[in-house]
Amino acid sequence: MGERVRITDSEKLSLLYERFRDVCLVEKEVWKEIFMPRDVAHGPVRTNIQDRYEVEIDDPTTEQTIENAIPRGSAALGAAIQECRAHILFFKRS
C-alpha cells in the first residue's frame with residue numbers, strides 16, 4: 001500500500017492546515033484524508049493528478065475541539081486548528 005512519510009516542512013504544513021480547514025468546512029466534519037495538487041518541479045502540470053495526505057489527530061480532545069469549531073465558520077475553525085497544530089499530523093503516501 002505504500003510507505004507513509006510525515007510532512008515536517010513548515011511551508012507545506014501551512015498549505016495542508018489551510019486545505020484541512022477548507023475540507024472540514026465543506027464536509028461539515030473532521031476529515032481524515034485530504035488531497036492537494038501534486039508538486040511538480042518542471043514541465044507541464046496535470047491538474048487531475050493529486051497527492052493524498054492522511055490526517056492523524058493524536059488527541060481525542062483536539063478532534064472534538066475542531067469538530068465543535070466547524071459550525072462556527074472559517075475563522076473559528078482556523079483558530080482551533082492553529083491552537084491544536086501540535087496534535088494534527090499529515091502523512092503522504094509514497
# chains A, B, ... in the order shown; residues from 1 in each chain; ligands from 1
>>> residues_around(residues="Thr62 of chain A", least_positions_apart="4", cutoff="12 Å", atoms="only C-alpha atoms", output="list in words")
Val30, Glu56, Ile57, Asp58, Ile66, Glu67, Asn68, Ala69, Leu77, Ala80, Ile81, Gln82, Glu83, Cys84, Arg85, Ala86, His87, Ile88 and Leu89 of chain A
>>> write_last_selection(atoms="N, CA, C and O atoms", output="PDB file, in the first residue's frame")
ATOM      1  N   VAL A  30     -14.765  16.487  10.742  1.00  0.00           N
ATOM      2  CA  VAL A  30     -13.320  16.326  10.700  1.00  0.00           C
ATOM      3  C   VAL A  30     -12.997  15.274   9.648  1.00  0.00           C
ATOM      4  O   VAL A  30     -13.525  14.170   9.685  1.00  0.00           O
ATOM      5  N   GLU A  56      -3.785  12.693  10.761  1.00  0.00           N
ATOM      6  CA  GLU A  56      -3.824  11.936  12.012  1.00  0.00           C
ATOM      7  C   GLU A  56      -3.893  12.932  13.166  1.00  0.00           C
ATOM      8  O   GLU A  56      -3.060  13.829  13.263  1.00  0.00           O
ATOM      9  N   ILE A  57      -4.889  12.774  14.001  1.00  0.00           N
ATOM     10  CA  ILE A  57      -5.052  13.619  15.185  1.00  0.00           C
ATOM     11  C   ILE A  57      -4.777  12.727  16.383  1.00  0.00           C
ATOM     12  O   ILE A  57      -5.495  11.758  16.613  1.00  0.00           O
ATOM     13  N   ASP A  58      -3.725  13.061  17.129  1.00  0.00           N
ATOM     14  CA  ASP A  58      -3.257  12.156  18.183  1.00  0.00           C
ATOM     15  C   ASP A  58      -3.877  12.408  19.551  1.00  0.00           C
ATOM     16  O   ASP A  58      -3.428  11.847  20.544  1.00  0.00           O
ATOM     17  N   ILE A  66     -11.887  20.678  17.215  1.00  0.00           N
ATOM     18  CA  ILE A  66     -12.035  21.009  15.795  1.00  0.00           C
ATOM     19  C   ILE A  66     -13.471  20.770  15.351  1.00  0.00           C
ATOM     20  O   ILE A  66     -14.067  21.602  14.662  1.00  0.00           O
ATOM     21  N   GLU A  67     -14.040  19.652  15.762  1.00  0.00           N
ATOM     22  CA  GLU A  67     -15.429  19.318  15.411  1.00  0.00           C
ATOM     23  C   GLU A  67     -16.386  20.417  15.893  1.00  0.00           C
ATOM     24  O   GLU A  67     -17.296  20.823  15.169  1.00  0.00           O
ATOM     25  N   ASN A  68     -16.175  20.906  17.103  1.00  0.00           N
ATOM     26  CA  ASN A  68     -17.040  21.952  17.670  1.00  0.00           C
ATOM     27  C   ASN A  68     -16.881  23.288  16.946  1.00  0.00           C
ATOM     28  O   ASN A  68     -17.815  24.099  16.933  1.00  0.00           O
ATOM     29  N   ALA A  69     -15.717  23.531  16.359  1.00  0.00           N
ATOM     30  CA  ALA A  69     -15.472  24.809  15.686  1.00  0.00           C
ATOM     31  C   ALA A  69     -16.052  24.859  14.274  1.00  0.00           C
ATOM     32  O   ALA A  69     -16.292  25.945  13.745  1.00  0.00           O
ATOM     33  N   LEU A  77     -12.747  27.922  12.954  1.00  0.00           N
ATOM     34  CA  LEU A  77     -12.091  26.657  12.665  1.00  0.00           C
ATOM     35  C   LEU A  77     -10.592  26.863  12.462  1.00  0.00           C
ATOM     36  O   LEU A  77      -9.772  26.096  12.967  1.00  0.00           O
ATOM     37  N   ALA A  80      -9.006  27.252  15.826  1.00  0.00           N
ATOM     38  CA  ALA A  80      -8.940  25.972  16.536  1.00  0.00           C
ATOM     39  C   ALA A  80      -7.810  25.106  15.985  1.00  0.00           C
ATOM     40  O   ALA A  80      -7.058  24.486  16.752  1.00  0.00           O
ATOM     41  N   ILE A  81      -7.671  25.085  14.670  1.00  0.00           N
ATOM     42  CA  ILE A  81      -6.594  24.311  14.053  1.00  0.00           C
ATOM     43  C   ILE A  81      -5.242  24.891  14.447  1.00  0.00           C
ATOM     44  O   ILE A  81      -4.322  24.157  14.796  1.00  0.00           O
ATOM     45  N   GLN A  82      -5.131  26.207  14.426  1.00  0.00           N
ATOM     46  CA  GLN A  82      -3.883  26.863  14.817  1.00  0.00           C
ATOM     47  C   GLN A  82      -3.512  26.503  16.256  1.00  0.00           C
ATOM     48  O   GLN A  82      -2.357  26.202  16.553  1.00  0.00           O
ATOM     49  N   GLU A  83      -4.491  26.523  17.126  1.00  0.00           N
ATOM     50  CA  GLU A  83      -4.271  26.209  18.538  1.00  0.00           C
ATOM     51  C   GLU A  83      -3.848  24.751  18.747  1.00  0.00           C
ATOM     52  O   GLU A  83      -3.086  24.436  19.655  1.00  0.00           O
ATOM     53  N   CYS A  84      -4.326  23.866  17.891  1.00  0.00           N
ATOM     54  CA  CYS A  84      -4.105  22.418  18.064  1.00  0.00           C
ATOM     55  C   CYS A  84      -3.070  21.845  17.104  1.00  0.00           C
ATOM     56  O   CYS A  84      -2.949  20.626  16.981  1.00  0.00           O
ATOM     57  N   ARG A  85      -2.293  22.669  16.451  1.00  0.00           N
ATOM     58  CA  ARG A  85      -1.360  22.217  15.412  1.00  0.00           C
ATOM     59  C   ARG A  85      -0.446  21.078  15.856  1.00  0.00           C
ATOM     60  O   ARG A  85      -0.118  20.203  15.069  1.00  0.00           O
ATOM     61  N   ALA A  86      -0.026  21.102  17.108  1.00  0.00           N
ATOM     62  CA  ALA A  86       0.917  20.088  17.597  1.00  0.00           C
ATOM     63  C   ALA A  86       0.313  18.684  17.583  1.00  0.00           C
ATOM     64  O   ALA A  86       1.044  17.697  17.587  1.00  0.00           O
ATOM     65  N   HIS A  87      -1.022  18.600  17.556  1.00  0.00           N
ATOM     66  CA  HIS A  87      -1.698  17.299  17.602  1.00  0.00           C
ATOM     67  C   HIS A  87      -2.242  16.847  16.248  1.00  0.00           C
ATOM     68  O   HIS A  87      -2.867  15.801  16.151  1.00  0.00           O
ATOM     69  N   ILE A  88      -2.023  17.662  15.204  1.00  0.00           N
ATOM     70  CA  ILE A  88      -2.511  17.333  13.865  1.00  0.00           C
ATOM     71  C   ILE A  88      -1.301  17.000  13.000  1.00  0.00           C
ATOM     72  O   ILE A  88      -0.437  17.846  12.766  1.00  0.00           O
ATOM     73  N   LEU A  89      -1.232  15.763  12.543  1.00  0.00           N
ATOM     74  CA  LEU A  89      -0.096  15.299  11.752  1.00  0.00           C
ATOM     75  C   LEU A  89      -0.558  14.949  10.345  1.00  0.00           C
ATOM     76  O   LEU A  89      -1.678  14.457  10.146  1.00  0.00           O
TER      77      LEU A  89
END
>>> select_by_dssp(residues="segment 2-79 of chain A", states="alpha helix (DSSP H)", output="ChimeraX atom specification")
/A:10-27,60-69,74-79
>>> residues_around(residues="Lys32 of chain A", least_positions_apart="6", cutoff="10 Å", atoms="only C-alpha atoms", output="ChimeraX atom specification")
/A:20,23-24,53-57,90
>>> write_last_selection(atoms="N, CA, C and O atoms", output="PDB file, in the first residue's frame")
ATOM      1  N   PHE A  20      -6.909  21.420   5.052  1.00  0.00           N
ATOM      2  CA  PHE A  20      -7.648  20.678   6.065  1.00  0.00           C
ATOM      3  C   PHE A  20      -8.844  21.490   6.556  1.00  0.00           C
ATOM      4  O   PHE A  20      -9.962  20.981   6.639  1.00  0.00           O
ATOM      5  N   VAL A  23     -11.524  21.635   3.733  1.00  0.00           N
ATOM      6  CA  VAL A  23     -12.217  20.358   3.545  1.00  0.00           C
ATOM      7  C   VAL A  23     -13.182  20.103   4.697  1.00  0.00           C
ATOM      8  O   VAL A  23     -14.325  19.678   4.487  1.00  0.00           O
ATOM      9  N   CYS A  24     -12.759  20.380   5.917  1.00  0.00           N
ATOM     10  CA  CYS A  24     -13.649  20.180   7.072  1.00  0.00           C
ATOM     11  C   CYS A  24     -14.882  21.086   6.983  1.00  0.00           C
ATOM     12  O   CYS A  24     -15.986  20.661   7.320  1.00  0.00           O
ATOM     13  N   TYR A  53      -2.977  12.881   1.286  1.00  0.00           N
ATOM     14  CA  TYR A  53      -2.403  13.030   2.615  1.00  0.00           C
ATOM     15  C   TYR A  53      -3.366  12.473   3.647  1.00  0.00           C
ATOM     16  O   TYR A  53      -4.561  12.771   3.610  1.00  0.00           O
ATOM     17  N   GLU A  54      -2.822  11.674   4.538  1.00  0.00           N
ATOM     18  CA  GLU A  54      -3.613  11.194   5.659  1.00  0.00           C
ATOM     19  C   GLU A  54      -3.463  12.193   6.797  1.00  0.00           C
ATOM     20  O   GLU A  54      -2.372  12.681   7.058  1.00  0.00           O
ATOM     21  N   VAL A  55      -4.569  12.479   7.452  1.00  0.00           N
ATOM     22  CA  VAL A  55      -4.572  13.381   8.591  1.00  0.00           C
ATOM     23  C   VAL A  55      -4.714  12.528   9.844  1.00  0.00           C
ATOM     24  O   VAL A  55      -5.635  11.724   9.954  1.00  0.00           O
ATOM     25  N   GLU A  56      -3.785  12.693  10.761  1.00  0.00           N
ATOM     26  CA  GLU A  56      -3.824  11.936  12.012  1.00  0.00           C
ATOM     27  C   GLU A  56      -3.893  12.932  13.166  1.00  0.00           C
ATOM     28  O   GLU A  56      -3.060  13.829  13.263  1.00  0.00           O
ATOM     29  N   ILE A  57      -4.889  12.774  14.001  1.00  0.00           N
ATOM     30  CA  ILE A  57      -5.052  13.619  15.185  1.00  0.00           C
ATOM     31  C   ILE A  57      -4.777  12.727  16.383  1.00  0.00           C
ATOM     32  O   ILE A  57      -5.495  11.758  16.613  1.00  0.00           O
ATOM     33  N   PHE A  90       0.301  15.211   9.377  1.00  0.00           N
ATOM     34  CA  PHE A  90      -0.002  14.880   7.985  1.00  0.00           C
ATOM     35  C   PHE A  90       1.034  13.883   7.480  1.00  0.00           C
ATOM     36  O   PHE A  90       2.233  14.047   7.706  1.00  0.00           O
TER      37      PHE A  90
END
>>> select_by_dssp(residues="segment 2-72 of chain A", states="strand (DSSP E or B)", output="list in words")
Arg4, Val5, Arg6, Glu33, Ile34, Phe35, Met36, Pro37, Gln50, Asp51, Arg52, Tyr53, Glu54, Val55, Glu56 and Ile57 of chain A
>>> write_last_selection(atoms="C-alpha atoms", output="CSV table (one decimal), in the first residue's frame")
chain,number,residue,atom,x,y,z
A,4,ARG,CA,3.9,6.9,4.9
A,5,VAL,CA,6.1,9.9,5.0
A,6,ARG,CA,5.4,12.5,7.7
A,33,GLU,CA,-7.9,12.4,4.2
A,34,ILE,CA,-7.2,15.4,2.0
A,35,PHE,CA,-5.9,15.8,-1.5
A,36,MET,CA,-3.5,18.5,-2.8
A,37,PRO,CA,-2.3,19.3,-6.3
A,50,GLN,CA,-3.2,14.9,-6.8
A,51,ASP,CA,-1.2,13.8,-3.8
A,52,ARG,CA,-3.1,12.1,-1.0
A,53,TYR,CA,-2.4,13.0,2.6
A,54,GLU,CA,-3.6,11.2,5.7
A,55,VAL,CA,-4.6,13.4,8.6
A,56,GLU,CA,-3.8,11.9,12.0
A,57,ILE,CA,-5.1,13.6,15.2
>>> residues_around(residues="Ser74 of chain A", least_positions_apart="5", cutoff="9 Å", atoms="only C-alpha atoms", output="MDAnalysis selection string")
chainID A and resid 21:22 25 69 79
>>> atom_distance(atom1="atom CA of Gly73 of chain A", atom2="atom CA of Ile49 of chain A")
29.2 Å
